[in-house]
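To keep things clear, I will list the structure first and then write my remarks on it.
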Amino acid sequence: MTPTLPLVVLALVVAGIVAHVTSPAARRWVSPAVGALGVLMLAALWYLGLFWAPPEQYMSDVGRILYVHVPHVWMALLAFTLNVGCAVAYLTKKSWVTDALAEAAAEVGVYFGAVGVLMGSIWARPTWGVWWDWDPRLISTTVMLLAYVGYLALRSFTDDPERRATWSAAAAILSYVSLPIVWFSVRWWNSLHQVQSNPSTVDKPMVAVLRWGAVTMLCFLFVFIVKRYELARSRQTAALELPPLEAPRPEAA
Amino acid sequence: MKPLTLSLWLLSAVALADVVPPPEPREAEAPSTPAPAPEVPVVTHPAGIERAGAGVIQGGWEYVYAAYGLGTAGVLAYAASLFVRRQRPSRP
Amino acid sequence: MTRPSLLGAAWLVLKKDWQIEWRTRARLTALLFFSLATLLLFSFAMGPDVTTLRAHAPGYLWLGLLFASVLSLGESFRVEAENQALTGLVLTPVEPRAIFLGKVLGNASLLFGLSLVLLPVTVALYDVDLGRAPLKLLLVLFLGCLGISAPGTVYSAISANARARDVMLPLLLFPVLVPLLLAAVSATKFTLAPDPQEQLGSWLRLLTAFDLIYLSVGFLLFPKVVEED
């Protein structure tokens, strides 16, 4: 396998996502197809990551965790970015669609982030000798995760749907803004203590498997968000018979 | 929805079955890995990498399997939770 | 009466908040004793070793302030939630941004005052040396309190009307305050102990950046949060 093969699959998946978003007719079959592709790719990832890829230079076989850990964290960041995009969109123009999508992206992002952080902790044990470390990436992902757990709690503790949408959008933006600051502050704090090990030499098969893992998780990310979005939408419909948000509100303008 | 989830479960079970033969000790392939270049700067980490002999951590397969298993179990569990929480259309 | 400018209106809100605090002095006293108890508990939990206590004093001070801030921030919008006072405030011909500025300054000044009272206590309990760089220490305290209040005001406006608001506020606020806590503790440490590598400056910059970022984000978001339909 070459590093370009996952990119080809990625193009396929992205085309599926675009079809899902743009064409209602495609919605029926795109997400099952992408889900099935994800399962196949996950099976292949087990083989590629565990047996096909060469051992890592310093970390030997433990380095194989990279192929599942890093894609999870990437997907979490992608989901949180989608969430904050929806939050900004909601505050600009109120819509139940962006609110439901924000909720779906946040929950799926918390799932991917939690699994990614757990994997990072598993990885840290044999390489650093500890379960936890002052690694800026580790800390900022965890803080992000906590912030979004708070976001989800806020959503479930607010009853009025419209207030929930507005407040959680504001909370999402505040949390997302904190991510780069957390990263910098931990790196500065950290720089007084240790130099972080940085695997700089990454050869071709490793790039290929890493990309393969990322595309695999992208498939799951997409299917999960679609299913969670449908759930959020049906809950919205059940909770309220969709009051007109676009109704004229003279005093609010 | 239902066939999708069933196929998720089935294929993931196949994926898990892929692991069953425990990996052989991989000495045979070891020479094919590039030897660490001599001028690579020493990685300093207090609890770290340089502690493990020639700069290579031996073994640790149980951690690798734990991580891969966690990833697969997570996908299954989250898919299952979405399946459980799905709402059947109550009104037309 | 002419419509006040943004800063003028913020000043009015700030004065109103000070007046409320002053008229309910019992609450202020309770807050003060709560943070005193926190500091005392830290020293009990860590044992009588003076070297350890002195080394960790900045962390205890800021954790004490952080816990107190959750109480004071929660209070600052709870009084507004009573009798729909916030709605009344939003309906006055005052920009919501002015309310935000006033509230942030009110919360920050309350916390800053609290930290001034706590400083002598840290001397007594942890044996720290305040005389090394007193002006810089005050600057760090002020920037830190402002940094807690800026996102804290938005979050407490949000959580004041949610269910389980006492849990919601820290759950939302603490993750965002992680960088502030790191920067404030490090900066305080370098004003109390020798700073051979001149690191204080970079932490002060980080604190200032944090304050400015959250003041501007809150400035943009607060009107959306309090707007009533």
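Simple scheme: letters A, B, ... for chains in structure tokens order, numbers from 1 for residues in each chain, numbers from 1 for ligands in the order shown.
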Near A:Thr216, within 7 Å and counting only C-alpha atoms, which residues show up once chain neighbours fewer than 2 positions away are dropped, as a ChimeraX atom specification? /A:38,41-42,212-214,218-220
Do you know which residues are at most 12 Å from A:His20 counting only C-alpha atoms, after dropping those on the same chain fewer than 4 positions away, and could you put them as a PyMOL selection string? chain A and resi 13-16+24-34+222-223+226
Taking N, CA and C atoms for each residue, export the selection above as a PDB file, in the first residue's frame.
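Contents of part.pdb, freshly written:
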```pdb
ATOM      1  N   VAL A  13     -14.834   9.082   0.222  1.00  0.00           N
ATOM      2  CA  VAL A  13     -15.656   9.363   1.403  1.00  0.00           C
ATOM      3  C   VAL A  13     -16.162  10.804   1.366  1.00  0.00           C
ATOM      4  N   VAL A  14     -15.265  11.740   1.016  1.00  0.00           N
ATOM      5  CA  VAL A  14     -15.673  13.141   0.964  1.00  0.00           C
ATOM      6  C   VAL A  14     -16.762  13.328  -0.078  1.00  0.00           C
ATOM      7  N   ALA A  15     -16.605  12.641  -1.220  1.00  0.00           N
ATOM      8  CA  ALA A  15     -17.649  12.727  -2.247  1.00  0.00           C
ATOM      9  C   ALA A  15     -18.981  12.222  -1.683  1.00  0.00           C
ATOM     10  N   GLY A  16     -18.926  11.138  -0.908  1.00  0.00           N
ATOM     11  CA  GLY A  16     -20.137  10.624  -0.281  1.00  0.00           C
ATOM     12  C   GLY A  16     -20.750  11.635   0.664  1.00  0.00           C
ATOM     13  N   PRO A  24     -30.879  15.156  -1.157  1.00  0.00           N
ATOM     14  CA  PRO A  24     -31.703  14.361  -0.239  1.00  0.00           C
ATOM     15  C   PRO A  24     -31.901  12.928  -0.729  1.00  0.00           C
ATOM     16  N   ALA A  25     -31.830  12.720  -2.049  1.00  0.00           N
ATOM     17  CA  ALA A  25     -32.045  11.369  -2.579  1.00  0.00           C
ATOM     18  C   ALA A  25     -30.906  10.439  -2.170  1.00  0.00           C
ATOM     19  N   ALA A  26     -29.692  11.025  -2.028  1.00  0.00           N
ATOM     20  CA  ALA A  26     -28.535  10.184  -1.706  1.00  0.00           C
ATOM     21  C   ALA A  26     -28.507   9.801  -0.233  1.00  0.00           C
ATOM     22  N   ARG A  27     -29.298  10.511   0.594  1.00  0.00           N
ATOM     23  CA  ARG A  27     -29.205  10.335   2.044  1.00  0.00           C
ATOM     24  C   ARG A  27     -29.524   8.910   2.477  1.00  0.00           C
ATOM     25  N   ARG A  28     -30.398   8.253   1.682  1.00  0.00           N
ATOM     26  CA  ARG A  28     -30.844   6.920   2.059  1.00  0.00           C
ATOM     27  C   ARG A  28     -29.701   5.919   2.075  1.00  0.00           C
ATOM     28  N   TRP A  29     -28.796   6.040   1.101  1.00  0.00           N
ATOM     29  CA  TRP A  29     -27.776   4.984   0.986  1.00  0.00           C
ATOM     30  C   TRP A  29     -26.359   5.434   1.351  1.00  0.00           C
ATOM     31  N   VAL A  30     -26.085   6.761   1.415  1.00  0.00           N
ATOM     32  CA  VAL A  30     -24.694   7.170   1.620  1.00  0.00           C
ATOM     33  C   VAL A  30     -24.189   6.730   2.986  1.00  0.00           C
ATOM     34  N   SER A  31     -24.977   7.014   4.056  1.00  0.00           N
ATOM     35  CA  SER A  31     -24.420   6.719   5.379  1.00  0.00           C
ATOM     36  C   SER A  31     -24.278   5.213   5.642  1.00  0.00           C
ATOM     37  N   PRO A  32     -25.223   4.325   5.198  1.00  0.00           N
ATOM     38  CA  PRO A  32     -24.925   2.888   5.353  1.00  0.00           C
ATOM     39  C   PRO A  32     -23.692   2.464   4.573  1.00  0.00           C
ATOM     40  N   ALA A  33     -23.532   3.015   3.370  1.00  0.00           N
ATOM     41  CA  ALA A  33     -22.371   2.622   2.564  1.00  0.00           C
ATOM     42  C   ALA A  33     -21.076   3.052   3.246  1.00  0.00           C
ATOM     43  N   VAL A  34     -21.059   4.308   3.724  1.00  0.00           N
ATOM     44  CA  VAL A  34     -19.839   4.789   4.398  1.00  0.00           C
ATOM     45  C   VAL A  34     -19.590   3.989   5.668  1.00  0.00           C
ATOM     46  N   PHE A 222     -18.470  10.404  10.369  1.00  0.00           N
ATOM     47  CA  PHE A 222     -19.583  10.830   9.522  1.00  0.00           C
ATOM     48  C   PHE A 222     -20.869  10.083   9.889  1.00  0.00           C
ATOM     49  N   VAL A 223     -20.777   8.753   9.965  1.00  0.00           N
ATOM     50  CA  VAL A 223     -21.985   7.970  10.241  1.00  0.00           C
ATOM     51  C   VAL A 223     -22.547   8.321  11.614  1.00  0.00           C
ATOM     52  N   VAL A 226     -24.223  11.707  11.564  1.00  0.00           N
ATOM     53  CA  VAL A 226     -25.504  11.641  10.844  1.00  0.00           C
ATOM     54  C   VAL A 226     -26.569  11.021  11.741  1.00  0.00           C
TER      55      VAL A 226
END
```
Any idea what's packed within 9 Å of C:Leu32, counting only C-alpha atoms, ignoring anything in its chain fewer than 3 positions away? Could you give it as a list in words?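 With the cut-off at 9 Å, the set is Arg27, Leu28, Thr29, Ser35, Leu36, Ala37, Ala68, Leu114, Val117 and Leu118 of chain C.
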I want to know what sits within 9 Å of C:Gly106, based on only C-alpha atoms, with residues of the same chain fewer than 4 positions away left out; could you give that as a ChimeraX atom specification? /C:13-15,17-18,76,101-102,110-111,149
Just need the residues of chain A within 7 Å of chain C, counting only C-alpha atoms, so spit them out as a list in words. Val143, Leu146, Ala147, Gly150, Tyr151, Leu154, Phe157, Thr158, Thr166, Trp167, Ala170, Ser175, Ser178, Ile181, Val182, Ser185 and Ala252 of chain A
Atom-to-atom span, atom CA of B:Tyr78 and atom CA of A:Ala171, Å: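 Taking atom CA of B:Tyr78 as the start and atom CA of A:Ala171 as the end point, the length is 24.6 Å.
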